[in-house]
$ cat final_33.txt   # compact mmCIF, C-alpha atoms
# COMPACT_ATOMS: atom_id res chain seq x y z
CA MET A 1 -17.82 -1.95 19.65
CA VAL A 2 -16.74 -2.53 16.07
CA PRO A 3 -16.65 -6.26 15.24
CA LEU A 4 -13.57 -7.88 13.71
CA SER A 5 -15.45 -8.84 10.54
CA TRP A 6 -15.98 -5.17 9.61
CA TYR A 7 -12.24 -4.56 9.57
CA LEU A 8 -11.67 -7.70 7.52
CA ILE A 9 -14.33 -6.76 4.98
CA LEU A 10 -12.79 -3.30 4.63
CA SER A 11 -9.40 -4.92 4.17
CA ALA A 12 -10.77 -7.29 1.49
CA ALA A 13 -12.43 -4.40 -0.37
CA LEU A 14 -9.25 -2.35 -0.27
CA PHE A 15 -7.21 -5.28 -1.58
CA ALA A 16 -9.67 -5.82 -4.44
CA ILE A 17 -9.50 -2.13 -5.39
CA GLY A 18 -5.71 -2.27 -5.40
CA ALA A 19 -5.63 -5.43 -7.51
CA VAL A 20 -8.02 -3.92 -10.06
CA GLY A 21 -5.84 -0.81 -10.19
CA VAL A 22 -2.77 -2.89 -10.99
CA PHE A 23 -4.69 -4.42 -13.90
CA VAL A 24 -6.28 -1.25 -15.23
CA LYS A 25 -3.51 1.34 -14.96
CA ASN A 26 -0.94 1.63 -17.70
CA ASN A 27 1.22 4.28 -16.04
CA ILE A 28 3.93 2.52 -14.06
CA ILE A 29 3.78 5.03 -11.19
CA SER A 30 0.02 4.53 -10.82
CA THR A 31 0.65 0.79 -10.74
CA LEU A 32 3.10 1.25 -7.88
CA LEU A 33 0.53 3.40 -6.03
CA CYS A 34 -2.07 0.62 -6.34
CA LEU A 35 0.55 -1.82 -5.04
CA GLU A 36 0.87 0.33 -1.91
CA LEU A 37 -2.91 0.11 -1.55
CA MET A 38 -2.73 -3.69 -1.51
CA LEU A 39 0.08 -3.68 1.06
CA ASN A 40 -2.05 -1.45 3.29
CA ALA A 41 -5.02 -3.79 2.99
CA ALA A 42 -2.81 -6.59 4.31
CA ASN A 43 -1.57 -4.30 7.09
CA LEU A 44 -5.13 -3.56 8.19
CA ALA A 45 -5.93 -7.27 8.46
CA PHE A 46 -2.69 -7.85 10.42
CA VAL A 47 -3.47 -5.12 12.95
CA ALA A 48 -7.11 -6.18 13.32
CA PHE A 49 -6.17 -9.80 14.05
CA SER A 50 -3.40 -8.72 16.38
CA ILE A 51 -5.71 -6.51 18.44
CA PHE A 52 -8.57 -8.98 18.60
CA GLN A 53 -6.30 -11.89 19.53
CA GLY A 54 -4.45 -9.87 22.14
CA THR A 55 -1.06 -10.76 20.63
CA ILE A 56 1.59 -8.31 19.46
CA GLU A 57 3.10 -10.29 16.58
CA GLY A 58 0.73 -8.92 13.96
CA GLN A 59 1.75 -5.37 14.72
CA LEU A 60 5.44 -6.22 14.56
CA PHE A 61 4.76 -7.76 11.16
CA VAL A 62 3.15 -4.50 10.07
CA ILE A 63 6.36 -2.66 10.97
CA LEU A 64 8.31 -5.11 8.81
CA VAL A 65 5.81 -4.65 5.98
CA MET A 66 6.27 -0.88 6.23
CA ALA A 67 10.05 -1.28 5.96
CA VAL A 68 9.62 -3.57 2.95
CA ALA A 69 7.23 -1.05 1.38
CA ALA A 70 9.80 1.69 1.86
CA ALA A 71 12.49 -0.45 0.23
CA GLU A 72 10.11 -1.36 -2.58
CA ALA A 73 9.21 2.28 -3.20
CA GLY A 74 12.87 3.31 -3.22
CA VAL A 75 14.06 0.62 -5.64
CA GLY A 76 10.87 0.76 -7.71
CA LEU A 77 11.08 4.51 -8.24
CA ALA A 78 14.79 4.22 -9.09
CA ILE A 79 13.82 1.71 -11.78
CA VAL A 80 11.11 4.13 -12.97
CA ILE A 81 13.70 6.90 -13.30
CA ALA A 82 16.08 4.62 -15.20
CA LEU A 83 13.21 3.50 -17.44
CA PHE A 84 12.18 7.07 -18.18
CA ARG A 85 15.76 8.04 -18.96
CA ASN A 86 16.13 5.22 -21.47
CA ARG A 87 12.71 5.22 -23.12
CA GLU A 88 11.10 8.63 -22.47
CA THR A 89 7.86 6.91 -21.48
CA LEU A 90 6.22 5.49 -18.37
CA ASP A 91 3.64 3.42 -20.22
CA VAL A 92 3.96 -0.24 -19.25
CA ASP A 93 2.58 -1.27 -22.64
CA GLU A 94 5.41 0.55 -24.38
CA SER A 95 8.18 -1.07 -22.36
CA SER A 96 7.50 -4.75 -22.69
CA LEU A 97 10.99 -5.74 -23.80
CA LEU A 98 13.89 -6.38 -21.48
CA LYS A 99 16.32 -5.37 -24.21
CA LEU A 100 16.95 -1.72 -24.84
CA MET B 1 -25.47 1.58 16.18
CA THR B 2 -22.90 2.98 18.55
CA PHE B 3 -20.76 6.07 18.13
CA GLN B 4 -17.68 3.93 17.45
CA GLN B 5 -19.42 2.12 14.63
CA LEU B 6 -20.44 5.43 13.08
CA LEU B 7 -16.83 6.60 13.32
CA PHE B 8 -15.68 3.37 11.68
CA ILE B 9 -18.10 3.88 8.78
CA GLY B 10 -16.88 7.43 8.30
CA PHE B 11 -13.20 6.50 8.24
CA ALA B 12 -13.86 3.40 6.12
CA ALA B 13 -15.61 5.65 3.58
CA LEU B 14 -12.51 7.88 3.58
CA VAL B 15 -10.23 4.87 3.03
CA LEU B 16 -12.34 3.34 0.27
CA GLY B 17 -13.00 6.69 -1.39
CA GLY B 18 -9.28 7.42 -1.48
CA GLY B 19 -8.59 3.96 -2.87
CA ILE B 20 -11.21 4.25 -5.61
CA ALA B 21 -9.90 7.71 -6.48
CA VAL B 22 -6.38 6.27 -6.92
CA VAL B 23 -7.74 3.89 -9.54
CA LEU B 24 -10.05 6.37 -11.29
CA LEU B 25 -7.90 9.51 -11.44
CA ARG B 26 -5.78 9.68 -14.57
CA ASN B 27 -3.10 12.02 -13.26
CA PRO B 28 -0.65 10.12 -11.01
CA LEU B 29 -0.08 13.21 -8.88
CA TYR B 30 -3.76 13.40 -7.94
CA GLY B 31 -3.65 9.66 -7.36
CA ALA B 32 -0.80 10.10 -4.90
CA PHE B 33 -2.75 12.72 -2.97
CA ALA B 34 -5.84 10.49 -2.93
CA LEU B 35 -3.66 7.70 -1.53
CA ILE B 36 -2.50 10.03 1.24
CA THR B 37 -6.13 10.67 2.28
CA SER B 38 -6.66 6.94 2.27
CA PHE B 39 -3.65 6.50 4.57
CA VAL B 40 -4.93 9.15 6.97
CA GLY B 41 -8.21 7.24 7.27
CA LEU B 42 -6.32 3.99 7.89
CA SER B 43 -4.24 5.66 10.57
CA ALA B 44 -7.42 6.81 12.32
CA LEU B 45 -8.74 3.24 12.21
CA TYR B 46 -5.52 1.93 13.78
CA VAL B 47 -5.79 4.45 16.60
CA MET B 48 -9.45 3.49 17.08
CA MET B 49 -8.44 -0.15 17.47
CA GLY B 50 -5.83 0.79 20.07
CA ALA B 51 -2.72 0.33 17.94
CA GLN B 52 -1.35 3.81 18.58
CA PHE B 53 2.19 3.09 17.47
CA ILE B 54 1.12 1.69 14.10
CA GLY B 55 -1.23 4.64 13.65
CA ALA B 56 1.59 7.11 14.18
CA ALA B 57 3.99 5.11 11.99
CA GLN B 58 1.37 5.02 9.24
CA ILE B 59 1.35 8.82 9.09
CA VAL B 60 5.10 9.33 9.56
CA VAL B 61 6.41 6.51 7.37
CA TYR B 62 3.70 6.06 4.75
CA ALA B 63 2.01 9.42 4.32
CA GLY B 64 5.20 11.27 5.17
CA ALA B 65 8.21 9.44 3.77
CA ILE B 66 7.04 6.98 1.12
CA MET B 67 4.43 9.21 -0.48
CA MET B 68 6.86 12.12 -0.42
CA LEU B 69 9.18 9.94 -2.49
CA PHE B 70 6.39 9.21 -4.96
CA VAL B 71 5.35 12.85 -5.28
CA PHE B 72 8.99 13.85 -5.71
CA VAL B 73 9.53 11.37 -8.55
CA ILE B 74 6.25 12.32 -10.25
CA MET B 75 7.25 15.98 -10.20
CA LEU B 76 10.83 15.19 -11.24
CA LEU B 77 9.67 13.29 -14.31
CA ASN B 78 6.93 15.83 -15.05
CA VAL B 79 4.36 13.08 -15.60
CA ARG B 80 1.20 14.03 -17.46
CA ALA B 81 -2.16 12.30 -17.27
CA ASP B 82 -2.26 8.79 -18.71
CA GLU B 83 -3.32 8.33 -22.26
CA GLU B 84 -5.84 5.78 -23.41
CA ARG B 85 -4.50 2.29 -23.70
CA PRO B 86 -3.74 1.04 -27.17
CA PRO B 87 -6.57 -1.18 -28.47
CA ARG B 88 -4.60 -4.38 -28.10
CA HIS B 89 -4.48 -3.89 -24.34
CA ARG B 90 -7.98 -2.43 -23.88
CA PHE B 91 -9.39 -5.87 -22.98
CA LEU B 92 -7.55 -5.72 -19.65
CA VAL B 93 -9.87 -2.92 -18.53
CA TRP B 94 -12.89 -5.10 -19.23
CA LEU B 95 -11.23 -8.03 -17.51
CA ALA B 96 -10.83 -5.96 -14.34
CA ALA B 97 -14.50 -5.92 -13.26
CA PRO B 98 -14.96 -9.71 -13.21
CA LEU B 99 -11.58 -9.96 -11.50
CA ALA B 100 -12.72 -7.57 -8.78
CA LEU B 101 -15.95 -9.52 -8.27
CA LEU B 102 -14.09 -12.82 -8.13
CA LEU B 103 -11.49 -11.49 -5.71
CA SER B 104 -14.10 -9.90 -3.46
CA ALA B 105 -16.14 -13.11 -3.40
CA GLY B 106 -13.09 -15.19 -2.52
CA LEU B 107 -11.97 -12.83 0.21
CA TRP B 108 -15.54 -12.63 1.54
CA LEU B 109 -15.66 -16.43 1.78
CA ALA B 110 -12.37 -16.43 3.66
CA VAL B 111 -13.53 -13.69 6.02
CA ALA B 112 -17.02 -15.05 6.66
CA GLY B 113 -15.72 -18.03 8.62
CA VAL B 114 -13.69 -16.00 11.08
CA GLN B 115 -14.73 -16.41 14.68
CA GLY B 116 -13.35 -13.34 16.33
CA ASP B 117 -16.22 -11.08 17.19
CA ARG B 118 -15.39 -11.01 20.86
CA ALA B 119 -14.17 -7.89 22.55
CA PRO B 120 -10.46 -7.22 22.07
CA SER B 121 -8.30 -8.08 25.03
CA GLY B 122 -7.12 -5.12 27.04
CA GLU B 123 -3.57 -5.30 25.73
CA ALA B 124 -3.26 -2.81 22.90
CA GLY B 125 -0.40 -1.72 20.70
CA THR B 126 1.14 0.94 22.88
CA VAL B 127 4.59 2.21 22.02
CA GLU B 128 5.98 0.55 25.14
CA ARG B 129 4.63 -2.88 24.31
CA VAL B 130 5.64 -2.77 20.66
CA GLY B 131 9.10 -1.44 21.50
CA LYS B 132 9.79 -3.99 24.21
CA ASN B 133 8.88 -6.88 21.93
CA LEU B 134 10.80 -5.45 19.00
CA MET B 135 13.97 -4.96 21.04
CA THR B 136 13.96 -8.28 22.89
CA ARG B 137 12.17 -11.24 21.41
CA TYR B 138 12.03 -10.07 17.82
CA LEU B 139 15.40 -8.35 17.66
CA LEU B 140 16.74 -10.52 14.82
CA PRO B 141 13.96 -9.71 12.30
CA PHE B 142 14.30 -6.07 13.27
CA GLU B 143 18.03 -6.08 12.54
CA LEU B 144 17.51 -7.99 9.29
CA THR B 145 15.07 -5.26 8.26
CA SER B 146 17.80 -2.67 8.65
CA VAL B 147 20.03 -4.76 6.37
CA LEU B 148 17.20 -4.82 3.82
CA ILE B 149 16.88 -1.03 3.98
CA LEU B 150 20.65 -0.70 3.46
CA LEU B 151 20.45 -2.98 0.41
CA ALA B 152 17.56 -0.92 -0.95
CA VAL B 153 19.56 2.30 -0.55
CA VAL B 154 22.55 0.86 -2.39
CA GLY B 155 20.33 -0.64 -5.10
CA ALA B 156 18.36 2.55 -5.63
CA LEU B 157 21.55 4.62 -5.88
CA HIS B 158 23.04 2.23 -8.39
CA LEU B 159 19.89 2.07 -10.54
CA ALA B 160 19.17 5.78 -10.60
CA LYS B 161 22.68 7.10 -11.13
CA ARG B 162 23.58 8.52 -14.50
CA GLU B 163 25.83 6.26 -16.50
CA LYS B 164 29.19 7.59 -17.53
CA GLU B 165 29.66 8.15 -21.23
$ encode --input "final_33.txt" --output "structure tokens"
Amino acid sequence: MVPLSWYLILSAALFAIGAVGVFVKNNIISTLLCLELMLNAANLAFVAFSIFQGTIEGQLFVILVMAVAAAEAGVGLAIVIALFRNRETLDVDESSLLKL
Amino acid sequence: MTFQQLLFIGFAALVLGGGIAVVLLRNPLYGAFALITSFVGLSALYVMMGAQFIGAAQIVVYAGAIMMLFVFVIMLLNVRADEERPPRHRFLVWLAAPLALLLSAGLWLAVAGVQGDRAPSGEAGTVERVGKNLMTRYLLPFELTSVLILLAVVGALHLAKREKE
């Protein structure tokens, strides 16, 4: 029997890794990948609580989070393509201005 | 230590290893593949907990659809490995380690107080149970999600389309 705290600790570690990645990476696609990592850490905590409480709501929330992640990836990558087309770079340090 | 706990440690190592690889690898394409391994480990953990539907959706939606989108864009843009940050932004890298420690400590404090180490109740996340709840009691959020997806499709098309000269 795996205790609930193990899942939560794994979730916390995964979230910390994702947050550090968002700070450290300067490629915008890598930043988006680390963002997915953080979303998955939250998903793991949702499912663990849902299973250990015997309720279903947590898992339904995970489905919503997955849909939001899909929308985020779609719009985010469209922005990345537009950014690359206008500036020829994906470096977040290079594109700090809203103006073209 | 039971067999299940050993399995958990193995899959957790896969998840964390994939996550660390995403941060350490410089080429975004390798990072995307490392993230896929991480998702496979997470899916195995979901199935171990008894949330079969979420486990399957993790593979189909995340590892299949979303990561495919990432890999497609990375290959479309022909991204090379990241370069070193310019010196004025190098301090962020050094800021990251204390941030990680602080975040881990805070999350650990939040997690340590949880009283939930009892056995999970028999009701697991079977497809039937998830589907019944999604189609009856939680129908409105489900429908709103589809509106969100539609908005995302329209937004992505508008953002990515080539502007007319």
$ atom_distance --input "final_33.txt" --atom1 "atom CA of Ser5 of chain A" --atom2 "atom CA of Ala97 of chain B"
24.0 Å
$ atom_distance --input "final_33.txt" --atom1 "atom CA of Phe33 of chain B" --atom2 "atom CA of Val92 of chain A"
21.9 Å
$ closest_residue --input "final_33.txt" --among "A:Ala70, A:Leu4, A:Ala78, A:Val22" --to "Ala63 of chain B" --atoms "only C-alpha atoms"
A:Ala70
$ interface_residues --input "final_33.txt" --of "chain A" --to "chain B" --cutoff "8 Å" --atoms "all atoms listed in the file" --output "JSON, numbers by chain"
{"A": [1, 2, 3, 4, 5, 8, 9, 10, 12, 13, 14, 16, 17, 18, 19, 20, 21, 23, 24, 25, 26, 27, 29, 30, 33, 34, 37, 44, 47, 48, 51, 52, 53, 54, 55, 56, 59, 60, 62, 63, 64, 66, 67, 68, 70, 71, 72, 73, 74, 75, 76, 77, 78, 79, 81, 82, 84, 93]}
$ atom_distance --input "final_33.txt" --atom1 "atom CA of Val65 of chain A" --atom2 "atom CA of Ser95 of chain A"
28.7 Å
